[in-house]
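For reference, work.txt (compact mmCIF, C-alpha atoms and all ligand atoms):
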```txt
# COMPACT_ATOMS: atom_id res chain seq x y z
CA MET A 69 -3.39 -22.15 7.55
CA LYS A 70 -4.97 -20.77 4.39
CA PHE A 71 -5.90 -17.14 3.72
CA ASN A 72 -9.34 -16.85 5.34
CA THR A 73 -8.25 -18.82 8.38
CA ILE A 74 -5.22 -16.57 8.87
CA ALA A 75 -7.42 -13.48 8.41
CA ILE A 76 -9.41 -14.57 11.47
CA HIS A 77 -6.89 -16.46 13.64
CA GLY A 78 -3.42 -15.35 12.52
CA GLY A 79 -1.18 -14.07 15.31
CA TYR A 80 -3.66 -14.58 18.15
CA THR A 81 -4.97 -17.29 20.44
CA PRO A 82 -7.40 -16.36 23.24
CA ASP A 83 -5.51 -14.38 25.86
CA ALA A 84 -4.05 -16.70 28.54
CA THR A 85 -5.20 -14.72 31.59
CA THR A 86 -8.53 -13.25 30.50
CA LYS A 87 -9.51 -15.80 27.78
CA ALA A 88 -10.65 -12.84 25.64
CA VAL A 89 -11.55 -14.08 22.17
CA ALA A 90 -11.46 -10.71 20.41
CA VAL A 91 -7.98 -9.15 20.34
CA PRO A 92 -7.80 -6.87 23.42
CA ILE A 93 -7.01 -3.16 22.95
CA TYR A 94 -3.90 -2.52 25.03
CA GLN A 95 -4.45 1.22 25.38
CA THR A 96 -1.19 1.90 27.21
CA THR A 97 1.79 4.09 26.42
CA SER A 98 4.38 2.16 28.42
CA TYR A 99 5.30 -1.11 30.15
CA ALA A 100 6.86 -1.62 33.58
CA PHE A 101 10.45 -2.93 33.91
CA ASP A 102 11.01 -5.64 36.56
CA ASN A 103 14.16 -3.80 37.66
CA THR A 104 16.96 -1.63 36.26
CA GLN A 105 18.75 -4.61 34.69
CA HIS A 106 15.56 -5.70 32.89
CA GLY A 107 15.14 -2.19 31.49
CA ALA A 108 18.76 -2.10 30.33
CA ASP A 109 18.48 -5.53 28.70
CA LEU A 110 15.34 -4.48 26.83
CA PHE A 111 17.07 -1.40 25.43
CA ASP A 112 20.15 -3.42 24.46
CA LEU A 113 17.87 -5.92 22.64
CA LYS A 114 19.28 -8.67 24.92
CA VAL A 115 15.75 -9.76 25.93
CA ALA A 116 12.49 -9.38 23.99
CA GLY A 117 9.69 -7.37 25.55
CA ASN A 118 7.66 -4.20 25.44
CA ILE A 119 9.15 -0.81 26.22
CA TYR A 120 6.95 1.97 24.85
CA THR A 121 3.99 2.02 22.42
CA ARG A 122 5.84 4.20 19.91
CA ILE A 123 7.99 1.11 19.21
CA MET A 124 5.68 -1.84 19.99
CA ASN A 125 2.30 -2.73 21.50
CA PRO A 126 0.67 -6.14 22.13
CA THR A 127 -2.47 -5.25 20.09
CA THR A 128 -0.31 -4.01 17.23
CA SER A 129 1.88 -7.14 17.40
CA VAL A 130 -1.17 -9.27 16.54
CA LEU A 131 -1.84 -7.13 13.46
CA GLU A 132 1.82 -7.34 12.43
CA GLU A 133 1.91 -11.12 12.76
CA ARG A 134 -1.39 -11.47 10.88
CA LEU A 135 -0.22 -9.25 8.00
CA ALA A 136 3.12 -11.08 7.79
CA GLN A 137 1.23 -14.37 7.42
CA LEU A 138 -1.26 -12.98 4.89
CA GLU A 139 1.48 -11.54 2.67
CA GLY A 140 3.85 -14.49 3.17
CA GLY A 141 6.59 -12.55 4.98
CA ILE A 142 8.73 -13.27 8.05
CA GLY A 143 7.84 -10.05 9.88
CA ALA A 144 5.88 -6.82 9.65
CA LEU A 145 5.79 -3.33 11.10
CA ALA A 146 2.49 -1.47 11.48
CA VAL A 147 2.55 2.34 11.52
CA ALA A 148 0.12 5.28 11.56
CA SER A 149 -0.62 5.45 7.81
CA GLY A 150 0.28 4.03 4.44
CA SER A 151 2.32 7.15 3.74
CA ALA A 152 4.40 6.59 6.89
CA ALA A 153 4.95 2.95 5.89
CA ILE A 154 6.30 4.01 2.48
CA THR A 155 8.55 6.71 3.97
CA TYR A 156 9.94 4.37 6.64
CA ALA A 157 10.55 1.49 4.23
CA ILE A 158 12.72 3.82 2.15
CA GLN A 159 14.44 5.49 5.12
CA THR A 160 15.38 2.08 6.53
CA ILE A 161 18.01 1.68 3.77
CA ALA A 162 18.35 5.02 1.91
CA GLU A 163 19.87 8.29 3.08
CA ALA A 164 21.13 11.61 1.67
CA GLY A 165 23.36 10.98 -1.35
CA ASP A 166 21.50 7.81 -2.36
CA ASN A 167 18.93 7.31 -5.09
CA ILE A 168 15.94 5.04 -5.64
CA ILE A 169 14.21 3.96 -8.85
CA ALA A 170 10.41 4.11 -8.99
CA SER A 171 7.61 3.44 -11.43
CA SER A 172 5.94 6.75 -12.29
CA ALA A 173 2.44 5.21 -12.01
CA LEU A 174 2.00 6.16 -8.35
CA TYR A 175 -0.48 7.24 -5.73
CA GLY A 176 -0.59 11.09 -5.64
CA GLY A 177 0.77 11.30 -2.09
CA THR A 178 3.66 8.98 -2.98
CA PHE A 179 4.37 11.02 -6.12
CA ASN A 180 4.65 14.18 -3.97
CA LEU A 181 6.89 12.38 -1.47
CA PHE A 182 9.14 11.23 -4.33
CA THR A 183 9.26 14.51 -6.28
CA HIS A 184 9.43 17.00 -3.39
CA THR A 185 10.15 15.60 0.09
CA LEU A 186 12.75 12.89 -0.61
CA PRO A 187 14.83 15.08 -2.99
CA ARG A 188 14.95 17.81 -0.32
CA LEU A 189 16.28 15.19 2.12
CA GLY A 190 18.99 14.33 -0.41
CA ILE A 191 17.41 11.13 -1.81
CA GLU A 192 17.08 11.35 -5.59
CA VAL A 193 14.17 9.51 -7.25
CA ARG A 194 14.62 8.24 -10.82
CA PHE A 195 11.40 7.32 -12.61
CA VAL A 196 10.68 4.49 -15.04
CA ASP A 197 7.56 3.80 -17.09
CA VAL A 198 5.62 0.98 -15.38
CA ASP A 199 5.24 -0.68 -18.79
CA HIS A 200 9.02 -0.49 -19.43
CA PRO A 201 10.83 -1.70 -16.31
CA GLU A 202 13.90 -2.51 -18.43
CA GLN A 203 14.76 1.21 -18.05
CA ILE A 204 15.94 0.23 -14.53
CA LEU A 205 19.17 -1.11 -16.04
CA GLN A 206 20.12 2.32 -17.48
CA LEU A 207 19.23 4.23 -14.30
CA ALA A 208 20.87 2.11 -11.59
CA ASP A 209 24.31 2.87 -10.12
CA GLU A 210 26.25 2.04 -6.94
CA LYS A 211 24.20 4.60 -4.96
CA THR A 212 20.85 3.00 -5.90
CA LYS A 213 19.17 1.45 -2.85
CA LEU A 214 15.87 0.04 -4.07
CA VAL A 215 13.26 -0.25 -6.81
CA TYR A 216 9.65 0.72 -6.07
CA CYS A 217 6.31 0.13 -7.80
CA GLU A 218 2.58 -0.32 -7.08
CA SER A 219 1.08 -3.72 -7.96
CA ILE A 220 -2.11 -2.03 -9.24
CA SER A 221 -1.55 1.72 -9.30
CA ASN A 222 -3.93 4.35 -7.97
CA PRO A 223 -5.29 6.46 -9.70
CA ALA A 224 -3.88 5.51 -13.15
CA ILE A 225 -4.95 1.84 -12.61
CA LYS A 226 -1.93 0.36 -14.38
CA VAL A 227 -0.57 -3.07 -13.49
CA ALA A 228 3.10 -3.86 -12.79
CA ASP A 229 4.80 -7.03 -14.01
CA ILE A 230 6.16 -7.85 -10.53
CA PRO A 231 8.35 -10.85 -11.52
CA GLN A 232 10.03 -8.69 -14.19
CA PHE A 233 10.51 -5.73 -11.81
CA ALA A 234 11.98 -8.13 -9.22
CA GLN A 235 14.35 -9.76 -11.67
CA LEU A 236 15.66 -6.36 -12.86
CA ALA A 237 16.01 -5.00 -9.30
CA HIS A 238 17.98 -8.09 -8.30
CA GLN A 239 20.14 -7.82 -11.42
CA VAL A 240 21.29 -4.37 -10.22
CA GLY A 241 21.73 -5.63 -6.63
CA VAL A 242 18.80 -4.00 -4.84
CA PRO A 243 15.46 -5.10 -3.32
CA LEU A 244 12.04 -4.52 -4.90
CA ILE A 245 9.44 -2.77 -2.72
CA VAL A 246 5.82 -3.12 -3.88
CA ASP A 247 2.86 -1.03 -2.69
CA ASN A 248 0.08 -3.64 -2.55
CA THR A 249 -2.69 -1.31 -1.27
CA VAL A 250 -5.11 -1.64 -4.20
CA ALA A 251 -4.68 -5.35 -4.91
CA THR A 252 -4.40 -6.46 -1.25
CA PRO A 253 -2.99 -9.92 -0.44
CA VAL A 254 -6.41 -11.34 -1.39
CA LEU A 255 -5.67 -10.79 -5.09
CA CYS A 256 -1.87 -10.67 -5.18
CA ARG A 257 1.02 -11.63 -2.91
CA PRO A 258 4.04 -9.78 -4.31
CA LEU A 259 6.47 -11.60 -1.99
CA THR A 260 5.59 -14.89 -3.74
CA LEU A 261 6.28 -13.22 -7.14
CA GLY A 262 9.83 -12.17 -6.27
CA ALA A 263 9.32 -8.84 -4.46
CA ASP A 264 11.36 -8.42 -1.27
CA ILE A 265 9.25 -5.98 0.73
CA VAL A 266 5.56 -5.02 0.64
CA VAL A 267 4.18 -1.71 1.88
CA GLU A 268 0.50 -1.02 2.12
CA SER A 269 -2.11 1.40 3.37
CA LEU A 270 -4.44 -0.38 5.81
CA THR A 271 -6.74 2.64 5.48
CA LYS A 272 -8.19 1.28 2.24
CA TYR A 273 -9.43 -2.29 1.59
CA LEU A 274 -7.70 -4.06 4.50
CA GLY A 275 -9.40 -1.91 7.16
CA GLY A 276 -12.10 -1.51 4.58
CA HIS A 277 -14.73 0.55 6.38
CA GLY A 278 -13.37 4.07 5.98
CA ASN A 279 -12.87 4.59 9.73
CA SER A 280 -9.13 4.35 10.55
CA LEU A 281 -5.79 5.23 9.06
CA GLY A 282 -2.99 2.71 9.20
CA GLY A 283 -0.08 1.33 7.21
CA ALA A 284 2.33 -1.58 7.22
CA ILE A 285 5.69 -2.82 5.94
CA ILE A 286 6.07 -6.57 5.40
CA ASP A 287 9.50 -8.16 4.96
CA SER A 288 10.00 -11.39 2.97
CA GLY A 289 13.32 -11.95 4.77
CA LYS A 290 14.73 -13.17 1.44
CA PHE A 291 16.92 -10.29 0.29
CA ASP A 292 20.59 -11.07 0.93
CA TRP A 293 21.87 -7.79 2.45
CA LYS A 294 25.28 -9.30 3.20
CA ALA A 295 25.80 -10.11 -0.50
CA GLN A 296 25.66 -6.29 -1.03
CA SER A 297 27.31 -5.43 2.27
CA LYS A 298 28.94 -2.20 1.06
CA ARG A 299 25.67 -0.85 -0.40
CA PHE A 300 23.67 -1.87 2.69
CA SER A 301 26.25 -1.18 5.40
CA CYS A 302 23.42 0.23 7.59
CA LEU A 303 22.22 -3.39 7.97
CA THR A 304 25.55 -5.23 7.87
CA GLU A 305 27.79 -3.05 10.08
CA PRO A 306 27.31 -1.74 13.67
CA ASP A 307 24.66 1.02 13.67
CA SER A 308 25.42 4.04 15.84
CA ALA A 309 21.73 5.02 15.43
CA TYR A 310 20.77 2.14 17.73
CA HIS A 311 23.23 1.08 20.46
CA GLY A 312 25.81 -0.09 17.89
CA VAL A 313 23.75 -3.11 16.89
CA ASN A 314 24.58 -5.08 13.73
CA TYR A 315 21.10 -5.95 12.41
CA SER A 316 22.19 -8.75 10.08
CA GLU A 317 24.02 -10.51 12.89
CA HIS A 318 21.44 -9.85 15.58
CA PHE A 319 18.23 -10.38 13.61
CA GLY A 320 19.41 -12.55 10.70
CA ALA A 321 16.85 -12.56 7.89
CA ALA A 322 14.68 -10.04 9.78
CA ALA A 323 17.40 -7.32 9.69
CA PHE A 324 15.37 -4.90 7.51
CA ILE A 325 12.12 -4.97 9.45
CA ALA A 326 14.01 -4.69 12.76
CA ARG A 327 15.81 -1.53 11.63
CA ALA A 328 12.54 -0.07 10.30
CA ARG A 329 11.16 -0.36 13.84
CA VAL A 330 14.09 0.86 15.91
CA VAL A 331 15.34 3.66 13.65
CA PRO A 332 12.69 5.44 11.52
CA LEU A 333 9.67 4.52 13.67
CA ARG A 334 11.40 4.97 17.02
CA ASN A 335 13.08 8.24 16.03
CA THR A 336 10.30 9.93 14.04
CA GLY A 337 7.28 8.42 15.75
CA ALA A 338 4.38 7.76 13.32
CA ALA A 339 3.08 5.02 15.66
CA ILE A 340 -0.38 3.56 15.09
CA SER A 341 -3.03 3.85 17.81
CA PRO A 342 -4.03 0.47 19.36
CA THR A 343 -7.68 1.44 18.88
CA ASN A 344 -7.13 1.91 15.14
CA VAL A 345 -5.36 -1.46 15.10
CA PHE A 346 -8.44 -3.07 16.69
CA LEU A 347 -10.73 -1.58 14.00
CA ILE A 348 -8.36 -2.64 11.21
CA LEU A 349 -8.25 -6.18 12.63
CA GLN A 350 -12.06 -6.28 12.44
CA GLY A 351 -11.80 -5.28 8.79
CA ILE A 352 -9.17 -7.89 7.95
CA GLU A 353 -11.42 -10.71 9.22
CA THR A 354 -13.76 -10.13 6.24
CA VAL A 355 -11.37 -8.74 3.63
CA ALA A 356 -11.59 -11.70 1.23
CA LEU A 357 -15.41 -11.67 1.28
CA ARG A 358 -15.48 -7.93 0.67
CA ILE A 359 -12.88 -7.97 -2.12
CA LYS A 360 -14.92 -10.65 -3.93
CA GLN A 361 -17.97 -8.37 -3.85
CA HIS A 362 -15.96 -5.23 -4.76
CA CYS A 363 -14.59 -7.08 -7.81
CA GLU A 364 -17.96 -8.46 -8.92
CA ASN A 365 -19.64 -5.06 -8.64
CA ALA A 366 -16.78 -3.23 -10.37
CA LEU A 367 -16.74 -5.69 -13.29
CA ALA A 368 -20.50 -5.32 -13.77
CA ILE A 369 -20.17 -1.52 -13.73
CA ALA A 370 -17.20 -1.58 -16.14
CA GLN A 371 -19.21 -3.73 -18.58
CA PHE A 372 -22.26 -1.44 -18.22
CA LEU A 373 -20.14 1.67 -18.90
CA GLN A 374 -18.44 0.09 -21.92
CA LYS A 375 -21.84 -0.19 -23.62
CA HIS A 376 -23.06 3.30 -22.60
CA PRO A 377 -23.23 5.86 -25.45
CA GLN A 378 -21.99 8.69 -23.19
CA VAL A 379 -18.84 6.85 -22.18
CA ALA A 380 -15.75 7.28 -24.37
CA TRP A 381 -13.46 4.75 -22.68
CA VAL A 382 -13.27 2.46 -19.63
CA ASN A 383 -10.10 1.48 -17.76
CA TYR A 384 -10.58 -1.67 -15.66
CA PRO A 385 -7.72 -4.18 -15.86
CA ALA A 386 -9.98 -7.25 -15.49
CA LEU A 387 -11.95 -6.36 -18.67
CA SER A 388 -11.21 -8.83 -21.46
CA ASP A 389 -9.87 -6.09 -23.79
CA SER A 390 -7.61 -4.40 -21.20
CA PRO A 391 -3.88 -4.42 -22.08
CA TYR A 392 -3.32 -5.67 -18.51
CA LYS A 393 -5.75 -8.63 -18.68
CA ALA A 394 -2.96 -11.20 -19.17
CA LEU A 395 -1.07 -9.94 -16.09
CA ILE A 396 -4.31 -9.83 -14.09
CA ASP A 397 -5.01 -13.46 -15.02
CA ARG A 398 -1.45 -14.57 -14.25
CA ASP A 399 -0.72 -12.74 -10.98
CA PHE A 400 -4.05 -11.38 -9.61
CA GLN A 401 -6.42 -14.36 -9.88
CA GLY A 402 -8.22 -12.68 -12.79
CA LYS A 403 -9.55 -9.86 -10.57
CA SER A 404 -8.56 -6.21 -10.21
CA SER A 405 -10.28 -4.66 -7.14
CA GLY A 406 -13.05 -2.04 -7.00
CA LEU A 407 -11.06 0.73 -8.67
CA LEU A 408 -12.00 1.81 -12.20
CA SER A 409 -11.94 4.95 -14.29
CA PHE A 410 -13.81 6.05 -17.39
CA GLY A 411 -14.03 8.98 -19.78
CA ILE A 412 -17.30 10.87 -20.05
CA ARG A 413 -18.23 12.54 -23.35
CA GLY A 414 -18.42 16.31 -22.84
CA GLY A 415 -15.12 16.60 -20.94
CA ARG A 416 -14.56 18.63 -17.77
CA GLU A 417 -18.07 20.12 -17.70
CA ALA A 418 -19.92 16.83 -18.18
CA GLY A 419 -17.65 15.19 -15.58
CA ALA A 420 -18.54 17.80 -12.97
CA LYS A 421 -22.27 17.49 -13.81
CA LEU A 422 -22.17 13.72 -13.49
CA ILE A 423 -20.50 13.88 -10.07
CA ASP A 424 -23.07 16.43 -8.84
CA ALA A 425 -25.97 14.26 -10.01
CA LEU A 426 -24.85 11.15 -8.09
CA GLN A 427 -27.12 10.25 -5.18
CA LEU A 428 -25.65 7.01 -3.81
CA PHE A 429 -22.00 7.27 -4.86
CA ILE A 430 -20.31 9.60 -2.38
CA ARG A 431 -18.21 12.50 -3.70
CA LEU A 432 -14.75 12.12 -2.20
CA VAL A 433 -11.16 11.10 -2.98
CA ASN A 434 -10.64 8.01 -0.80
CA ILE A 435 -10.75 4.39 -2.08
CA GLY A 436 -11.41 0.95 -0.61
CA ASP A 437 -14.45 1.79 1.51
CA THR A 438 -17.54 -0.48 1.73
CA ARG A 439 -19.37 2.55 0.25
CA SER A 440 -19.13 3.47 -3.42
CA LEU A 441 -17.11 6.61 -4.02
CA ALA A 442 -16.65 8.84 -7.04
CA CYS A 443 -14.34 11.67 -7.99
CA HIS A 444 -13.62 13.83 -11.02
CA PRO A 445 -9.93 14.75 -10.65
CA ALA A 446 -10.04 17.59 -13.26
CA SER A 447 -12.54 19.55 -11.16
CA THR A 448 -11.20 18.64 -7.68
CA THR A 449 -7.75 17.19 -6.84
CA HIS A 450 -6.19 18.36 -10.12
CA ARG A 451 -8.32 21.47 -10.81
CA GLN A 452 -5.40 23.92 -10.87
CA LEU A 453 -3.68 22.00 -13.69
CA SER A 454 -3.91 22.91 -17.39
CA GLY A 455 -4.93 20.34 -20.01
CA GLU A 456 -1.28 19.63 -20.78
CA GLU A 457 -0.34 19.28 -17.11
CA LEU A 458 -3.28 16.92 -16.58
CA THR A 459 -1.96 14.64 -19.33
CA ARG A 460 1.47 14.57 -17.72
CA ALA A 461 -0.15 13.59 -14.40
CA GLY A 462 -1.98 10.72 -16.17
CA VAL A 463 -5.34 12.45 -15.71
CA SER A 464 -7.61 13.61 -18.55
CA GLU A 465 -10.36 16.27 -18.38
CA ASP A 466 -13.04 13.64 -19.00
CA MET A 467 -11.75 11.12 -16.43
CA VAL A 468 -14.08 9.97 -13.66
CA ARG A 469 -12.70 7.59 -11.05
CA LEU A 470 -14.90 5.17 -9.12
CA SER A 471 -14.08 3.13 -6.06
CA VAL A 472 -16.91 0.63 -6.27
CA GLY A 473 -18.28 -0.51 -2.90
CA ILE A 474 -20.19 -3.59 -1.81
CA GLU A 475 -23.77 -2.27 -2.02
CA ASP A 476 -26.37 -4.04 -4.22
CA ILE A 477 -25.30 -3.77 -7.84
CA ASP A 478 -28.82 -2.78 -9.03
CA ASP A 479 -28.76 0.33 -6.84
CA LEU A 480 -25.28 1.31 -8.06
CA LEU A 481 -26.21 0.87 -11.75
CA ALA A 482 -29.44 2.86 -11.26
CA ASP A 483 -27.49 5.73 -9.67
CA LEU A 484 -24.92 5.82 -12.48
CA SER A 485 -27.65 5.63 -15.16
CA GLN A 486 -29.58 8.60 -13.83
CA ALA A 487 -26.41 10.65 -13.29
CA LEU A 488 -25.14 9.95 -16.83
CA GLU A 489 -28.49 11.10 -18.17
CA LYS A 490 -28.28 14.38 -16.22
CA ALA A 491 -24.70 14.98 -17.41
CA GLN A 492 -25.79 15.00 -21.06
C1 LIG B 501 -4.03 5.79 0.06
C2 LIG B 501 -2.82 5.20 -0.50
C3 LIG B 501 -1.57 5.36 0.13
C4 LIG B 501 -1.40 6.20 1.40
O1 LIG B 501 -2.05 5.63 2.48
P1 LIG B 501 -2.58 6.51 3.74
O2 LIG B 501 -3.01 5.45 4.70
O3 LIG B 501 -3.69 7.37 3.23
O4 LIG B 501 -1.42 7.30 4.21
C5 LIG B 501 -0.47 4.76 -0.43
N1 LIG B 501 -0.56 4.04 -1.56
C6 LIG B 501 -1.73 3.89 -2.21
C7 LIG B 501 -1.76 3.07 -3.47
C8 LIG B 501 -2.89 4.45 -1.71
O5 LIG B 501 -4.05 4.29 -2.37
```
Show me this structure written as structure tokens.
Ligand SMILES: *Cc1c(COP(=O)(O)O)cnc(C)c1O
Amino acid sequence: MKFNTIAIHGGYTPDATTKAVAVPIYQTTSYAFDNTQHGADLFDLKVAGNIYTRIMNPTTSVLEERLAQLEGGIGALAVASGSAAITYAIQTIAEAGDNIIASSALYGGTFNLFTHTLPRLGIEVRFVDVDHPEQILQLADEKTKLVYCESISNPAIKVADIPQFAQLAHQVGVPLIVDNTVATPVLCRPLTLGADIVVESLTKYLGGHGNSLGGAIIDSGKFDWKAQSKRFSCLTEPDSAYHGVNYSEHFGAAAFIARARVVPLRNTGAAISPTNVFLILQGIETVALRIKQHCENALAIAQFLQKHPQVAWVNYPALSDSPYKALIDRDFQGKSSGLLSFGIRGGREAGAKLIDALQLFIRLVNIGDTRSLACHPASTTHRQLSGEELTRAGVSEDMVRLSVGIEDIDDLLADLSQALEKAQ
């Protein structure tokens, strides 16, 4: 099946007993065992079946199968948020004493996780410039467990050369994990470009309507854990964290995604609600149609802003003069989502005025909604930072970020025009 067919049918055929066409919401915490032996066999992974919704749920299984097909993986794990997906993907193979290597062009929440939370848990994070992945070779050692980057980064809107990141990660013997939240599998499928694992927030474009949090990990099944069996002994030797199971032997190519489910998810519990899964599945059915419109609107706005006298610069990777245009054409079908940023003349003050004058664009910090959203980091999310600190965080005083929605382009342009005028 091709993309749009999978988005609608992947992982589900009308339910055998009820013939329900829409995926049913199995709003249950637990599942009955036939008898004691059946319960024991389920826990020992001797038979497949449902135990408890923290670990698996029939509604969630449909989402996992659909995402695995859309990203081109062999299995997926859905969890409560994108942040949980990122944390669990790392905790599946890294522990205290280990290190990971990450691009520094990251989502703010991920940057905090990597600079504060993981180091306090004993996992060191070594940063590379997204435009210079060759730095990976200097930073890797025998305690390195993975390389991490965002395909299109939020909020800096930089683009990673995924094949190059993958080649370098493999050269030092570790998998590449790519956060594909902004690009979505509509524009880019990192697993087909050499990445080993995808993580993504379903809260943004995939759910797409700003109503539910969710996240997922998708496993390509291609990384050879046994070839690095000392480094990845948690997958290649019996695991005392789960009934002494050897994941590589028991699950074969699906060792990673199996451990993600039965260790980090089972033991720390950021399970997704089946009702959120239902809403996200509704969103996924139309994701390709929406992304097309997000991209068309964002390109039109980027071109409008480029010509506007009050705009100092525009960062949208699909623009013909963007330094990332060649990568966007090669790996992202020439499109770069609804996310763009620009610099307004007049700095911090003009930025705040512009945001206040917007009537249709909503003032908030989310992305990937059907609605158009705007934020001025220097006066909101980053307001406590000095000019110098802003630069280090990849944010300038004049920077306005837009997440362009799927409204009529004429209305969006009219709103921006009048707000730019008032910001003068
Ligand atoms: C929002 C976002 C996340 C975190 O997702 P949540 O669902 O909000 O936890 C991770 N990565 C990127 C690129 C994001 O934009």
(message) For ligand LIG 501 (chain B), return the neighbouring residues as number ranges by chain (distance at most 8 Å; only C-alpha atoms and all ligand atoms).
(response) A: 148-154, 174-175, 177-178, 218, 220-223, 247-250, 268-272, 281-283, 434-435
Kindly provide the residues of region 332-432 of chain A that approach region 85-109 of chain A to within 12 Å, each paired with its closest atom pair and their distance in Å to one decimal, based on all atoms listed in the file, listed by chain and increasing number, as JSON lines.
```
{"residue": "A:Ala339", "atom": "CA", "partner": "A:Thr97", "partner_atom": "CA", "distance": 10.9}
{"residue": "A:Ile340", "atom": "CA", "partner": "A:Gln95", "partner_atom": "CA", "distance": 11.3}
{"residue": "A:Ser341", "atom": "CA", "partner": "A:Gln95", "partner_atom": "CA", "distance": 8.1}
{"residue": "A:Pro342", "atom": "CA", "partner": "A:Ile93", "partner_atom": "CA", "distance": 5.9}
{"residue": "A:Thr343", "atom": "CA", "partner": "A:Ile93", "partner_atom": "CA", "distance": 6.2}
{"residue": "A:Asn344", "atom": "CA", "partner": "A:Ile93", "partner_atom": "CA", "distance": 9.3}
{"residue": "A:Val345", "atom": "CA", "partner": "A:Ile93", "partner_atom": "CA", "distance": 8.2}
{"residue": "A:Phe346", "atom": "CA", "partner": "A:Ile93", "partner_atom": "CA", "distance": 6.4}
{"residue": "A:Leu347", "atom": "CA", "partner": "A:Ile93", "partner_atom": "CA", "distance": 9.8}
{"residue": "A:Ile348", "atom": "CA", "partner": "A:Val91", "partner_atom": "CA", "distance": 11.2}
{"residue": "A:Leu349", "atom": "CA", "partner": "A:Val91", "partner_atom": "CA", "distance": 8.3}
{"residue": "A:Gln350", "atom": "CA", "partner": "A:Ala90", "partner_atom": "CA", "distance": 9.1}
{"residue": "A:Glu353", "atom": "CA", "partner": "A:Ala90", "partner_atom": "CA", "distance": 11.2}
```
(message) Applying 12 Å and all atoms listed in the file, which residues near Tyr216 (chain A) remain after dropping the ones on its own chain fewer than 3 positions away? List them as a count of residues only.
(response) 45
(request) Identify the residues within 9 Å of coordinate (-15.7, 6.3, -25.3) (same frame as the file), considering only C-alpha atoms, and give the answer as a list in words. (result) Gln374, His376, Pro377, Gln378, Val379, Ala380, Trp381, Val382, Phe410, Gly411, Ile412 and Arg413 of chain A
(request) Give as JSON, numbers by chain every residue, naming chains and numbers as the document does, that has an atom within 12 Å of (-22.8, 15.0, -11.3), counting all atoms listed in the file. (result) {"A": [412, 416, 417, 418, 419, 420, 421, 422, 423, 424, 425, 426, 427, 428, 429, 430, 431, 442, 443, 444, 447, 468, 483, 484, 485, 486, 487, 488, 489, 490, 491, 492]}
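Of the listed residues A:Leu373, A:Ile285, A:Ala224, A:Cys363, the one whose atoms come nearest to Gly176 (chain A) is A:Ala224, with distances taken using all atoms listed in the file.
Using all atoms listed in the file, the contacts of Lys298 (chain A) at a cut-off of 12 Å, with sequence neighbours closer than 3 positions omitted, comprise A:Ile161, A:Glu210, A:Lys211, A:Thr212, A:Lys213, A:Gly241, A:Val242, A:Trp293, A:Lys294, A:Ala295, A:Ser301, A:Cys302, A:Leu303, A:Thr304, A:Glu305.
Among A:Ser297, A:Asn314, A:Thr252, A:Thr185, the residue with the shortest atom-to-atom distance to Glu139 (chain A), counting all atoms listed in the file, is A:Thr252.
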Residues of region 325-371 of chain A at most 10 Å from region 140-144 of chain A: nearest atom pair and distance in Å, only C-alpha atoms, as a tab-separated table:
```
residue	atom	partner	partner_atom	distance
A:Ile325	CA	A:Ala144	CA	6.5
A:Ala326	CA	A:Gly143	CA	8.7
A:Ala328	CA	A:Ala144	CA	9.5
A:Arg329	CA	A:Ala144	CA	9.3
```
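Across the model, the gap from CA of Met124 (chain A) to CA of Ala146 (chain A) is 9.1 Å.
If you look at CA of Phe111 (chain A) and CA of Val330 (chain A), they are 10.2 Å away from each other.
Between Leu432 (chain A) and the candidates A:Val147, A:Ile119, A:Leu470, A:Leu395, the tightest atom-to-atom separation, counting only C-alpha atoms, involves A:Leu470.
The two atoms in question, CA of Ile352 (chain A) and CA of Gly262 (chain A), are spaced 24.1 Å apart.
Of the residues under consideration (A:Pro258, A:Ala162, A:Asn365, A:Val215), A:Ala162 shows the shortest atom-to-atom contact distance to Ile191 (chain A) when counting all atoms listed in the file.
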(message) So that I can see what lies close to Arg398 (chain A), please list as an MDAnalysis selection string the residues with an atom at most 10 Å from it, counting all atoms listed in the file and leaving out residues fewer than 5 positions away in the same chain.
(response) chainID A and resid 229 256 393
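The smallest atom-to-atom distance between Leu407 (chain A) and any of A:Ala356, A:Leu480, A:Ile225, A:Val313, using all atoms listed in the file, is found for A:Ile225.
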(message) At a cut-off of 9 Å, using only C-alpha atoms, what residues contact Arg134 (chain A)? Leave out same-chain residues fewer than 4 positions from it and give the result as number ranges by chain.
(response) A: 74-80, 129-130, 138-139, 144, 349
Residues from the last selection, C-alpha atoms, saved as a PDB file, keeping the file's coordinate frame:
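Here's the written file again.pdb:
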```
ATOM      1  CA  ILE A  74      -5.220 -16.570   8.870  1.00  0.00           C
ATOM      2  CA  ALA A  75      -7.420 -13.480   8.410  1.00  0.00           C
ATOM      3  CA  ILE A  76      -9.410 -14.570  11.470  1.00  0.00           C
ATOM      4  CA  HIS A  77      -6.890 -16.460  13.640  1.00  0.00           C
ATOM      5  CA  GLY A  78      -3.420 -15.350  12.520  1.00  0.00           C
ATOM      6  CA  GLY A  79      -1.180 -14.070  15.310  1.00  0.00           C
ATOM      7  CA  TYR A  80      -3.660 -14.580  18.150  1.00  0.00           C
ATOM      8  CA  SER A 129       1.880  -7.140  17.400  1.00  0.00           C
ATOM      9  CA  VAL A 130      -1.170  -9.270  16.540  1.00  0.00           C
ATOM     10  CA  LEU A 138      -1.260 -12.980   4.890  1.00  0.00           C
ATOM     11  CA  GLU A 139       1.480 -11.540   2.670  1.00  0.00           C
ATOM     12  CA  ALA A 144       5.880  -6.820   9.650  1.00  0.00           C
ATOM     13  CA  LEU A 349      -8.250  -6.180  12.630  1.00  0.00           C
TER      14      LEU A 349
END
```
